[in-house]
>>> print(open('model16.txt').read())   # compact mmCIF, N, CA and C atoms
# COMPACT_ATOMS: atom_id res chain seq x y z
N MET A 1 11.16 2.70 -13.66
CA MET A 1 10.73 4.04 -13.29
C MET A 1 10.22 4.03 -11.85
N ARG A 2 10.59 5.06 -11.14
CA ARG A 2 10.23 5.16 -9.72
C ARG A 2 8.90 5.87 -9.53
N LYS A 3 8.38 5.76 -8.31
CA LYS A 3 7.17 6.45 -7.89
C LYS A 3 7.57 7.46 -6.82
N LEU A 4 6.86 8.59 -6.82
CA LEU A 4 7.12 9.64 -5.84
C LEU A 4 5.87 9.82 -4.99
N GLY A 5 6.02 9.75 -3.67
CA GLY A 5 4.91 9.94 -2.75
C GLY A 5 4.90 11.36 -2.22
N ILE A 6 3.69 11.92 -2.09
CA ILE A 6 3.54 13.31 -1.65
C ILE A 6 2.51 13.39 -0.54
N ASP A 7 2.94 13.94 0.61
CA ASP A 7 2.02 14.25 1.71
C ASP A 7 1.85 15.76 1.70
N TYR A 8 0.74 16.22 1.11
CA TYR A 8 0.49 17.65 0.91
C TYR A 8 -0.18 18.24 2.15
N GLY A 9 0.47 19.23 2.76
CA GLY A 9 -0.07 19.85 3.96
C GLY A 9 -0.12 21.36 3.85
N ASP A 10 -0.73 21.98 4.85
CA ASP A 10 -0.87 23.44 4.88
C ASP A 10 0.49 24.14 4.89
N SER A 11 1.39 23.66 5.73
CA SER A 11 2.69 24.31 5.91
C SER A 11 3.83 23.60 5.21
N ARG A 12 3.74 22.25 5.21
CA ARG A 12 4.84 21.45 4.70
C ARG A 12 4.32 20.35 3.79
N VAL A 13 5.22 19.90 2.89
CA VAL A 13 4.89 18.81 1.97
C VAL A 13 5.99 17.76 2.08
N GLY A 14 5.60 16.57 2.52
CA GLY A 14 6.55 15.48 2.64
C GLY A 14 6.71 14.77 1.32
N ILE A 15 7.96 14.37 1.02
CA ILE A 15 8.28 13.72 -0.25
C ILE A 15 9.00 12.40 0.04
N ALA A 16 8.55 11.33 -0.63
CA ALA A 16 9.20 10.03 -0.53
C ALA A 16 9.34 9.45 -1.93
N ILE A 17 10.24 8.50 -2.08
CA ILE A 17 10.49 7.89 -3.40
C ILE A 17 10.70 6.39 -3.24
N THR A 18 10.33 5.66 -4.27
CA THR A 18 10.60 4.22 -4.26
C THR A 18 12.03 3.96 -4.70
N ASP A 19 12.49 2.75 -4.42
CA ASP A 19 13.77 2.32 -4.98
C ASP A 19 13.54 2.03 -6.47
N ALA A 20 14.57 1.71 -7.19
CA ALA A 20 14.48 1.50 -8.64
C ALA A 20 13.56 0.34 -9.02
N LEU A 21 13.37 -0.62 -8.11
CA LEU A 21 12.51 -1.77 -8.38
C LEU A 21 11.08 -1.59 -7.85
N ASN A 22 10.81 -0.43 -7.26
CA ASN A 22 9.48 -0.12 -6.69
C ASN A 22 9.06 -1.11 -5.61
N ILE A 23 10.04 -1.52 -4.79
CA ILE A 23 9.76 -2.46 -3.71
C ILE A 23 9.66 -1.73 -2.37
N THR A 24 10.56 -0.76 -2.15
CA THR A 24 10.57 -0.04 -0.88
C THR A 24 10.40 1.46 -1.13
N ALA A 25 10.04 2.15 -0.07
CA ALA A 25 9.90 3.60 -0.13
C ALA A 25 10.77 4.22 0.96
N GLN A 26 11.40 5.34 0.62
CA GLN A 26 12.19 6.06 1.62
C GLN A 26 11.93 7.55 1.47
N GLY A 27 11.99 8.24 2.59
CA GLY A 27 11.76 9.68 2.57
C GLY A 27 12.91 10.42 1.93
N ILE A 28 12.57 11.49 1.21
CA ILE A 28 13.61 12.35 0.62
C ILE A 28 13.74 13.63 1.43
N GLU A 29 12.61 14.34 1.60
CA GLU A 29 12.68 15.63 2.27
C GLU A 29 11.29 16.15 2.60
N THR A 30 11.27 17.23 3.34
CA THR A 30 10.06 17.98 3.60
C THR A 30 10.25 19.37 3.01
N ILE A 31 9.31 19.77 2.17
CA ILE A 31 9.36 21.09 1.52
C ILE A 31 8.51 22.06 2.34
N GLN A 32 9.09 23.19 2.70
CA GLN A 32 8.33 24.25 3.38
C GLN A 32 7.54 25.02 2.32
N ARG A 33 6.21 25.03 2.44
CA ARG A 33 5.37 25.66 1.42
C ARG A 33 5.44 27.19 1.46
N ASN A 34 5.57 27.75 2.64
CA ASN A 34 5.55 29.21 2.80
C ASN A 34 4.33 29.82 2.11
N GLY A 35 3.19 29.11 2.17
CA GLY A 35 1.94 29.61 1.61
C GLY A 35 1.84 29.56 0.10
N SER A 36 2.78 28.89 -0.56
CA SER A 36 2.79 28.91 -2.02
C SER A 36 3.05 27.52 -2.61
N ASP A 37 2.15 27.10 -3.50
CA ASP A 37 2.37 25.85 -4.22
C ASP A 37 3.49 25.99 -5.25
N LYS A 38 3.80 27.21 -5.67
CA LYS A 38 4.86 27.42 -6.66
C LYS A 38 6.19 26.88 -6.14
N ILE A 39 6.45 27.07 -4.86
CA ILE A 39 7.68 26.57 -4.23
C ILE A 39 7.71 25.05 -4.34
N VAL A 40 6.59 24.42 -4.05
CA VAL A 40 6.49 22.96 -4.09
C VAL A 40 6.66 22.45 -5.53
N LEU A 41 5.97 23.08 -6.47
CA LEU A 41 6.04 22.64 -7.87
C LEU A 41 7.45 22.79 -8.43
N LYS A 42 8.13 23.86 -8.05
CA LYS A 42 9.50 24.08 -8.52
C LYS A 42 10.43 23.00 -7.97
N ARG A 43 10.28 22.69 -6.68
CA ARG A 43 11.13 21.66 -6.08
C ARG A 43 10.82 20.29 -6.68
N LEU A 44 9.56 20.00 -6.92
CA LEU A 44 9.19 18.72 -7.55
C LEU A 44 9.81 18.61 -8.94
N GLU A 45 9.82 19.72 -9.66
CA GLU A 45 10.43 19.73 -10.98
C GLU A 45 11.92 19.36 -10.89
N GLU A 46 12.60 19.90 -9.89
CA GLU A 46 14.03 19.58 -9.68
C GLU A 46 14.21 18.10 -9.35
N ILE A 47 13.33 17.56 -8.51
CA ILE A 47 13.41 16.15 -8.13
C ILE A 47 13.17 15.27 -9.35
N LEU A 48 12.22 15.67 -10.20
CA LEU A 48 11.91 14.88 -11.40
C LEU A 48 13.07 14.87 -12.40
N LEU A 49 13.87 15.92 -12.38
CA LEU A 49 15.06 15.95 -13.24
C LEU A 49 16.15 15.02 -12.71
N GLU A 50 16.15 14.84 -11.39
CA GLU A 50 17.17 14.02 -10.75
C GLU A 50 16.87 12.52 -10.83
N TYR A 51 15.60 12.15 -10.78
CA TYR A 51 15.19 10.74 -10.77
C TYR A 51 14.26 10.46 -11.94
N GLU A 52 14.23 9.21 -12.36
CA GLU A 52 13.27 8.79 -13.38
C GLU A 52 11.97 8.40 -12.69
N ILE A 53 11.00 9.28 -12.75
CA ILE A 53 9.71 9.10 -12.07
C ILE A 53 8.63 8.94 -13.13
N ASP A 54 7.73 7.97 -12.92
CA ASP A 54 6.60 7.85 -13.84
C ASP A 54 5.25 8.09 -13.16
N THR A 55 5.24 8.07 -11.81
CA THR A 55 3.98 8.21 -11.08
C THR A 55 4.16 9.10 -9.86
N LEU A 56 3.23 10.02 -9.68
CA LEU A 56 3.15 10.82 -8.46
C LEU A 56 1.96 10.28 -7.67
N VAL A 57 2.20 9.94 -6.40
CA VAL A 57 1.16 9.39 -5.54
C VAL A 57 0.91 10.41 -4.43
N VAL A 58 -0.29 10.99 -4.44
CA VAL A 58 -0.64 12.04 -3.49
C VAL A 58 -1.61 11.48 -2.45
N GLY A 59 -1.31 11.73 -1.19
CA GLY A 59 -2.21 11.30 -0.12
C GLY A 59 -3.47 12.15 -0.11
N MET A 60 -4.63 11.48 -0.06
CA MET A 60 -5.91 12.19 0.00
C MET A 60 -6.43 12.13 1.44
N PRO A 61 -6.51 13.29 2.09
CA PRO A 61 -6.90 13.32 3.51
C PRO A 61 -8.42 13.23 3.70
N LEU A 62 -8.95 12.02 3.65
CA LEU A 62 -10.37 11.81 3.91
C LEU A 62 -10.59 11.78 5.41
N ASN A 63 -11.84 12.07 5.84
CA ASN A 63 -12.10 11.95 7.27
C ASN A 63 -12.28 10.48 7.62
N LEU A 64 -12.48 10.18 8.89
CA LEU A 64 -12.53 8.79 9.32
C LEU A 64 -13.69 8.01 8.73
N ARG A 65 -14.72 8.72 8.26
CA ARG A 65 -15.85 8.05 7.59
C ARG A 65 -15.59 7.87 6.10
N GLY A 66 -14.41 8.32 5.63
CA GLY A 66 -14.07 8.17 4.22
C GLY A 66 -14.63 9.26 3.33
N GLU A 67 -15.07 10.36 3.94
CA GLU A 67 -15.66 11.47 3.19
C GLU A 67 -14.62 12.57 2.98
N LYS A 68 -14.83 13.35 1.92
CA LYS A 68 -13.91 14.45 1.63
C LYS A 68 -14.15 15.62 2.59
N SER A 69 -13.05 16.19 3.03
CA SER A 69 -13.09 17.35 3.92
C SER A 69 -12.61 18.58 3.16
N THR A 70 -12.56 19.70 3.83
CA THR A 70 -12.01 20.92 3.23
C THR A 70 -10.56 20.69 2.83
N ARG A 71 -9.83 19.99 3.66
CA ARG A 71 -8.42 19.66 3.37
C ARG A 71 -8.32 18.83 2.09
N ALA A 72 -9.26 17.91 1.90
CA ALA A 72 -9.26 17.07 0.69
C ALA A 72 -9.52 17.93 -0.55
N GLU A 73 -10.38 18.92 -0.43
CA GLU A 73 -10.65 19.82 -1.57
C GLU A 73 -9.39 20.60 -1.95
N LEU A 74 -8.65 21.06 -0.95
CA LEU A 74 -7.38 21.76 -1.22
C LEU A 74 -6.38 20.82 -1.87
N THR A 75 -6.37 19.57 -1.44
CA THR A 75 -5.47 18.58 -2.04
C THR A 75 -5.86 18.32 -3.48
N GLU A 76 -7.16 18.26 -3.77
CA GLU A 76 -7.62 18.07 -5.15
C GLU A 76 -7.18 19.24 -6.04
N GLN A 77 -7.21 20.45 -5.50
CA GLN A 77 -6.74 21.62 -6.26
C GLN A 77 -5.24 21.48 -6.56
N PHE A 78 -4.49 21.01 -5.58
CA PHE A 78 -3.06 20.79 -5.78
C PHE A 78 -2.82 19.71 -6.83
N ILE A 79 -3.59 18.63 -6.79
CA ILE A 79 -3.48 17.56 -7.78
C ILE A 79 -3.75 18.11 -9.18
N HIS A 80 -4.73 19.00 -9.29
CA HIS A 80 -5.02 19.63 -10.58
C HIS A 80 -3.79 20.40 -11.09
N LYS A 81 -3.12 21.12 -10.20
CA LYS A 81 -1.90 21.85 -10.58
C LYS A 81 -0.81 20.87 -11.04
N LEU A 82 -0.69 19.75 -10.32
CA LEU A 82 0.29 18.73 -10.72
C LEU A 82 -0.01 18.21 -12.12
N LYS A 83 -1.30 17.94 -12.39
CA LYS A 83 -1.69 17.40 -13.69
C LYS A 83 -1.43 18.40 -14.81
N CYS A 84 -1.61 19.68 -14.52
CA CYS A 84 -1.34 20.72 -15.53
C CYS A 84 0.16 20.83 -15.81
N LYS A 85 0.96 20.79 -14.75
CA LYS A 85 2.41 20.99 -14.90
C LYS A 85 3.14 19.73 -15.36
N PHE A 86 2.72 18.58 -14.86
CA PHE A 86 3.41 17.32 -15.15
C PHE A 86 2.46 16.35 -15.86
N ASN A 87 1.92 16.80 -16.99
CA ASN A 87 0.86 16.05 -17.66
C ASN A 87 1.30 14.73 -18.29
N LYS A 88 2.59 14.48 -18.36
CA LYS A 88 3.06 13.21 -18.93
C LYS A 88 3.18 12.11 -17.87
N LEU A 89 3.02 12.49 -16.60
CA LEU A 89 3.14 11.53 -15.51
C LEU A 89 1.78 10.96 -15.12
N ASN A 90 1.80 9.76 -14.59
CA ASN A 90 0.61 9.18 -13.98
C ASN A 90 0.47 9.83 -12.60
N ILE A 91 -0.66 10.44 -12.32
CA ILE A 91 -0.87 11.11 -11.03
C ILE A 91 -2.10 10.50 -10.37
N VAL A 92 -1.88 9.89 -9.21
CA VAL A 92 -2.95 9.19 -8.51
C VAL A 92 -3.02 9.67 -7.07
N SER A 93 -4.17 9.42 -6.45
CA SER A 93 -4.30 9.72 -5.02
C SER A 93 -4.64 8.43 -4.28
N VAL A 94 -4.19 8.35 -3.04
CA VAL A 94 -4.52 7.21 -2.18
C VAL A 94 -5.01 7.74 -0.85
N ASP A 95 -5.85 6.97 -0.22
CA ASP A 95 -6.39 7.31 1.10
C ASP A 95 -5.24 7.39 2.09
N GLU A 96 -5.10 8.54 2.71
CA GLU A 96 -3.99 8.71 3.66
C GLU A 96 -4.45 8.75 5.11
N ARG A 97 -5.68 8.31 5.36
CA ARG A 97 -6.18 8.33 6.73
C ARG A 97 -5.20 7.64 7.66
N LEU A 98 -4.92 8.27 8.75
CA LEU A 98 -4.09 7.75 9.84
C LEU A 98 -2.59 7.64 9.52
N THR A 99 -2.14 8.15 8.37
CA THR A 99 -0.70 8.08 8.10
C THR A 99 0.08 8.98 9.06
N THR A 100 -0.48 10.14 9.41
CA THR A 100 0.22 11.02 10.34
C THR A 100 0.27 10.39 11.73
N VAL A 101 -0.82 9.71 12.11
CA VAL A 101 -0.83 9.00 13.40
C VAL A 101 0.25 7.92 13.39
N ALA A 102 0.33 7.16 12.31
CA ALA A 102 1.35 6.11 12.19
C ALA A 102 2.75 6.71 12.22
N ALA A 103 2.92 7.86 11.56
CA ALA A 103 4.23 8.52 11.55
C ALA A 103 4.63 8.93 12.97
N HIS A 104 3.68 9.47 13.73
CA HIS A 104 3.99 9.86 15.12
C HIS A 104 4.32 8.64 15.97
N LYS A 105 3.61 7.54 15.76
CA LYS A 105 3.92 6.31 16.51
C LYS A 105 5.33 5.83 16.19
N THR A 106 5.69 5.89 14.92
CA THR A 106 7.04 5.48 14.50
C THR A 106 8.09 6.36 15.17
N MET A 107 7.86 7.67 15.15
CA MET A 107 8.84 8.59 15.76
C MET A 107 8.94 8.37 17.26
N ASN A 108 7.80 8.10 17.92
CA ASN A 108 7.83 7.82 19.35
C ASN A 108 8.61 6.54 19.63
N PHE A 109 8.37 5.52 18.82
CA PHE A 109 9.08 4.25 18.97
C PHE A 109 10.58 4.45 18.81
N LEU A 110 10.97 5.31 17.86
CA LEU A 110 12.38 5.56 17.60
C LEU A 110 12.96 6.62 18.52
N ASP A 111 12.12 7.14 19.43
CA ASP A 111 12.54 8.15 20.41
C ASP A 111 13.09 9.41 19.73
N VAL A 112 12.40 9.85 18.69
CA VAL A 112 12.79 11.08 18.00
C VAL A 112 12.46 12.27 18.91
N LYS A 113 13.41 13.19 19.02
CA LYS A 113 13.22 14.36 19.88
C LYS A 113 12.07 15.23 19.38
N LYS A 114 11.37 15.86 20.31
CA LYS A 114 10.18 16.64 20.01
C LYS A 114 10.43 17.71 18.94
N ASN A 115 11.54 18.44 19.05
CA ASN A 115 11.81 19.53 18.10
C ASN A 115 12.14 19.00 16.70
N LYS A 116 12.53 17.76 16.58
CA LYS A 116 12.86 17.15 15.28
C LYS A 116 11.60 16.58 14.60
N LYS A 117 10.59 16.23 15.40
CA LYS A 117 9.38 15.59 14.86
C LYS A 117 8.70 16.43 13.79
N ARG A 118 8.54 17.70 14.04
CA ARG A 118 7.85 18.57 13.09
C ARG A 118 8.56 18.59 11.73
N GLN A 119 9.88 18.48 11.76
CA GLN A 119 10.66 18.53 10.52
C GLN A 119 10.51 17.27 9.68
N ILE A 120 10.22 16.12 10.32
CA ILE A 120 10.22 14.87 9.56
C ILE A 120 8.88 14.15 9.48
N VAL A 121 7.87 14.59 10.23
CA VAL A 121 6.59 13.86 10.24
C VAL A 121 5.97 13.78 8.85
N ASP A 122 6.07 14.83 8.06
CA ASP A 122 5.46 14.82 6.72
C ASP A 122 6.20 13.90 5.77
N THR A 123 7.51 13.82 5.92
CA THR A 123 8.30 12.91 5.09
C THR A 123 7.96 11.46 5.43
N ILE A 124 7.83 11.15 6.71
CA ILE A 124 7.46 9.79 7.11
C ILE A 124 6.05 9.46 6.62
N SER A 125 5.14 10.44 6.70
CA SER A 125 3.78 10.23 6.19
C SER A 125 3.81 9.95 4.68
N ALA A 126 4.68 10.64 3.95
CA ALA A 126 4.80 10.41 2.51
C ALA A 126 5.29 8.99 2.23
N VAL A 127 6.17 8.48 3.09
CA VAL A 127 6.63 7.09 2.94
C VAL A 127 5.44 6.15 3.11
N TYR A 128 4.60 6.38 4.12
CA TYR A 128 3.44 5.51 4.34
C TYR A 128 2.45 5.60 3.18
N ILE A 129 2.26 6.79 2.64
CA ILE A 129 1.38 6.98 1.48
C ILE A 129 1.91 6.15 0.30
N LEU A 130 3.19 6.25 0.05
CA LEU A 130 3.80 5.52 -1.05
C LEU A 130 3.74 4.00 -0.82
N GLU A 131 3.98 3.57 0.41
CA GLU A 131 3.88 2.14 0.73
C GLU A 131 2.46 1.62 0.51
N THR A 132 1.46 2.43 0.85
CA THR A 132 0.06 2.06 0.60
C THR A 132 -0.15 1.81 -0.88
N TYR A 133 0.37 2.69 -1.71
CA TYR A 133 0.23 2.55 -3.16
C TYR A 133 0.99 1.31 -3.67
N ILE A 134 2.21 1.12 -3.21
CA ILE A 134 3.02 -0.02 -3.66
C ILE A 134 2.32 -1.33 -3.30
N ASN A 135 1.86 -1.42 -2.05
CA ASN A 135 1.22 -2.65 -1.58
C ASN A 135 -0.09 -2.91 -2.31
N LYS A 136 -0.84 -1.87 -2.61
CA LYS A 136 -2.08 -2.01 -3.36
C LYS A 136 -1.79 -2.43 -4.79
N ASP A 137 -0.72 -1.88 -5.34
CA ASP A 137 -0.34 -2.13 -6.74
C ASP A 137 0.18 -3.55 -6.97
N THR A 138 0.74 -4.16 -5.93
CA THR A 138 1.36 -5.49 -6.10
C THR A 138 0.44 -6.64 -5.73
N ARG A 139 -0.76 -6.34 -5.25
CA ARG A 139 -1.70 -7.42 -4.89
C ARG A 139 -2.31 -8.05 -6.10
>>> encode(input="model16.txt", output="structure tokens")
Amino acid sequence: MRKLGIDYGDSRVGIAITDALNITAQGIETIQRNGSDKIVLKRLEEILLEYEIDTLVVGMPLNLRGEKSTRAELTEQFIHKLKCKFNKLNIVSVDERLTTVAAHKTMNFLDVKKNKKRQIVDTISAVYILETYINKDTR
């Protein structure tokens, strides 16, 4: 069973998935929220039909001191919606501090064009979130 990584944001939600052996993570897509979690939940439902997923890993945006912010509270509300809709799945959160910074560094290293960055930064962040979970899980 695979794991699905989620980078939940105000405008966009990045999605990543593990390989069948849960060794690597790769980005799938970025979902445009358009102000509605219903769009995200519907798309996640479609993804869950396509892949055998047993765990949803959601990035928790703590501040640099490790404290919850307003953004973290919104993410907790989203996690609650996930738990209500997908109650048979294991749903966990991981500290996502600096994943967006790491994603931007990766894109700069790869010389990704500025107009393309906004489209993929959340997906790359979701990959880092999922890798954090995989690496923590295998220690």
>>> atom_distance(input="model16.txt", atom1="CA of Asp7 (chain A)", atom2="CA of Ser125 (chain A)")
6.3 Å
>>> select_by_dssp(input="model16.txt", residues="region 20-128 of chain A", states="strand (DSSP E or B)", output="JSON, numbers by chain")
{"A": [25, 26, 27, 28, 29, 30, 31, 32, 53, 54, 55, 56, 57, 58, 59, 60, 62, 68, 90, 91, 92, 93, 94, 95]}
>>> write_last_selection(input="model16.txt", atoms="N, CA and C atoms", output="PDB file, in the coordinates of the input")
ATOM      1  N   ALA A  25      10.040   2.150  -0.070  1.00  0.00           N
ATOM      2  CA  ALA A  25       9.900   3.600  -0.130  1.00  0.00           C
ATOM      3  C   ALA A  25      10.770   4.220   0.960  1.00  0.00           C
ATOM      4  N   GLN A  26      11.400   5.340   0.620  1.00  0.00           N
ATOM      5  CA  GLN A  26      12.190   6.060   1.620  1.00  0.00           C
ATOM      6  C   GLN A  26      11.930   7.550   1.470  1.00  0.00           C
ATOM      7  N   GLY A  27      11.990   8.240   2.590  1.00  0.00           N
ATOM      8  CA  GLY A  27      11.760   9.680   2.570  1.00  0.00           C
ATOM      9  C   GLY A  27      12.910  10.420   1.930  1.00  0.00           C
ATOM     10  N   ILE A  28      12.570  11.490   1.210  1.00  0.00           N
ATOM     11  CA  ILE A  28      13.610  12.350   0.620  1.00  0.00           C
ATOM     12  C   ILE A  28      13.740  13.630   1.430  1.00  0.00           C
ATOM     13  N   GLU A  29      12.610  14.340   1.600  1.00  0.00           N
ATOM     14  CA  GLU A  29      12.680  15.630   2.270  1.00  0.00           C
ATOM     15  C   GLU A  29      11.290  16.150   2.600  1.00  0.00           C
ATOM     16  N   THR A  30      11.270  17.230   3.340  1.00  0.00           N
ATOM     17  CA  THR A  30      10.060  17.980   3.600  1.00  0.00           C
ATOM     18  C   THR A  30      10.250  19.370   3.010  1.00  0.00           C
ATOM     19  N   ILE A  31       9.310  19.770   2.170  1.00  0.00           N
ATOM     20  CA  ILE A  31       9.360  21.090   1.520  1.00  0.00           C
ATOM     21  C   ILE A  31       8.510  22.060   2.340  1.00  0.00           C
ATOM     22  N   GLN A  32       9.090  23.190   2.700  1.00  0.00           N
ATOM     23  CA  GLN A  32       8.330  24.250   3.380  1.00  0.00           C
ATOM     24  C   GLN A  32       7.540  25.020   2.320  1.00  0.00           C
ATOM     25  N   ILE A  53      11.000   9.280 -12.750  1.00  0.00           N
ATOM     26  CA  ILE A  53       9.710   9.100 -12.070  1.00  0.00           C
ATOM     27  C   ILE A  53       8.630   8.940 -13.130  1.00  0.00           C
ATOM     28  N   ASP A  54       7.730   7.970 -12.920  1.00  0.00           N
ATOM     29  CA  ASP A  54       6.600   7.850 -13.840  1.00  0.00           C
ATOM     30  C   ASP A  54       5.250   8.090 -13.160  1.00  0.00           C
ATOM     31  N   THR A  55       5.240   8.070 -11.810  1.00  0.00           N
ATOM     32  CA  THR A  55       3.980   8.210 -11.080  1.00  0.00           C
ATOM     33  C   THR A  55       4.160   9.100  -9.860  1.00  0.00           C
ATOM     34  N   LEU A  56       3.230  10.020  -9.680  1.00  0.00           N
ATOM     35  CA  LEU A  56       3.150  10.820  -8.460  1.00  0.00           C
ATOM     36  C   LEU A  56       1.960  10.280  -7.670  1.00  0.00           C
ATOM     37  N   VAL A  57       2.200   9.940  -6.400  1.00  0.00           N
ATOM     38  CA  VAL A  57       1.160   9.390  -5.540  1.00  0.00           C
ATOM     39  C   VAL A  57       0.910  10.410  -4.430  1.00  0.00           C
ATOM     40  N   VAL A  58      -0.290  10.990  -4.440  1.00  0.00           N
ATOM     41  CA  VAL A  58      -0.640  12.040  -3.490  1.00  0.00           C
ATOM     42  C   VAL A  58      -1.610  11.480  -2.450  1.00  0.00           C
ATOM     43  N   GLY A  59      -1.310  11.730  -1.190  1.00  0.00           N
ATOM     44  CA  GLY A  59      -2.210  11.300  -0.120  1.00  0.00           C
ATOM     45  C   GLY A  59      -3.470  12.150  -0.110  1.00  0.00           C
ATOM     46  N   MET A  60      -4.630  11.480  -0.060  1.00  0.00           N
ATOM     47  CA  MET A  60      -5.910  12.190   0.000  1.00  0.00           C
ATOM     48  C   MET A  60      -6.430  12.130   1.440  1.00  0.00           C
ATOM     49  N   LEU A  62      -8.950  12.020   3.650  1.00  0.00           N
ATOM     50  CA  LEU A  62     -10.370  11.810   3.910  1.00  0.00           C
ATOM     51  C   LEU A  62     -10.590  11.780   5.410  1.00  0.00           C
ATOM     52  N   LYS A  68     -14.830  13.350   1.920  1.00  0.00           N
ATOM     53  CA  LYS A  68     -13.910  14.450   1.630  1.00  0.00           C
ATOM     54  C   LYS A  68     -14.150  15.620   2.590  1.00  0.00           C
ATOM     55  N   ASN A  90       1.800   9.760 -14.590  1.00  0.00           N
ATOM     56  CA  ASN A  90       0.610   9.180 -13.980  1.00  0.00           C
ATOM     57  C   ASN A  90       0.470   9.830 -12.600  1.00  0.00           C
ATOM     58  N   ILE A  91      -0.660  10.440 -12.320  1.00  0.00           N
ATOM     59  CA  ILE A  91      -0.870  11.110 -11.030  1.00  0.00           C
ATOM     60  C   ILE A  91      -2.100  10.500 -10.370  1.00  0.00           C
ATOM     61  N   VAL A  92      -1.880   9.890  -9.210  1.00  0.00           N
ATOM     62  CA  VAL A  92      -2.950   9.190  -8.510  1.00  0.00           C
ATOM     63  C   VAL A  92      -3.020   9.670  -7.070  1.00  0.00           C
ATOM     64  N   SER A  93      -4.170   9.420  -6.450  1.00  0.00           N
ATOM     65  CA  SER A  93      -4.300   9.720  -5.020  1.00  0.00           C
ATOM     66  C   SER A  93      -4.640   8.430  -4.280  1.00  0.00           C
ATOM     67  N   VAL A  94      -4.190   8.350  -3.040  1.00  0.00           N
ATOM     68  CA  VAL A  94      -4.520   7.210  -2.180  1.00  0.00           C
ATOM     69  C   VAL A  94      -5.010   7.740  -0.850  1.00  0.00           C
ATOM     70  N   ASP A  95      -5.850   6.970  -0.220  1.00  0.00           N
ATOM     71  CA  ASP A  95      -6.390   7.310   1.100  1.00  0.00           C
ATOM     72  C   ASP A  95      -5.240   7.390   2.090  1.00  0.00           C
TER      73      ASP A  95
END
>>> closest_residue(input="model16.txt", among="A:Lys105, A:Arg2, A:Pro61, A:Gln26", to="Glu76 (chain A)", atoms="only C-alpha atoms")
A:Pro61
>>> select_by_dssp(input="model16.txt", residues="chain A", states="helix (DSSP H, G or I)", output="ChimeraX atom specification")
/A:37-50,70-85,99-109,114-137
>>> atom_distance(input="model16.txt", atom1="atom N of Met1 (chain A)", atom2="atom N of Val40 (chain A)")
24.2 Å
>>> residues_around(input="model16.txt", residues="region 86-93 of chain A", least_positions_apart="4", cutoff="6.5 Å", atoms="only N, CA and C atoms", output="JSON, numbers by chain")
{"A": [54, 55, 56, 57, 58, 59, 60, 81, 82]}
>>> residues_around(input="model16.txt", residues="Val127 (chain A)", least_positions_apart="3", cutoff="6 Å", atoms="all atoms listed in the file", output="PyMOL selection string")
chain A and resi 15-16+25-27+123-124+130-132
>>> atom_distance(input="model16.txt", atom1="CA of Tyr51 (chain A)", atom2="CA of His80 (chain A)")
22.1 Å
>>> residues_near_point(input="model16.txt", point="(-9.3, 11.5, 10.0)", cutoff="6.5 Å", atoms="only N, CA and C atoms", output="ChimeraX atom specification")
/A:62-65,97-98
>>> closest_residue(input="model16.txt", among="A:Lys42, A:Thr30, A:Glu96, A:Lys68", to="Gln119 (chain A)", atoms="all atoms listed in the file")
A:Thr30
>>> closest_residue(input="model16.txt", among="A:Ile134, A:Ala102, A:Ile53, A:Leu41", to="Leu4 (chain A)", atoms="only C-alpha atoms")
A:Ile53
>>> closest_residue(input="model16.txt", among="A:Ala72, A:Ile6, A:Ile79, A:Ile23", to="Asn135 (chain A)", atoms="only C-alpha atoms")
A:Ile23
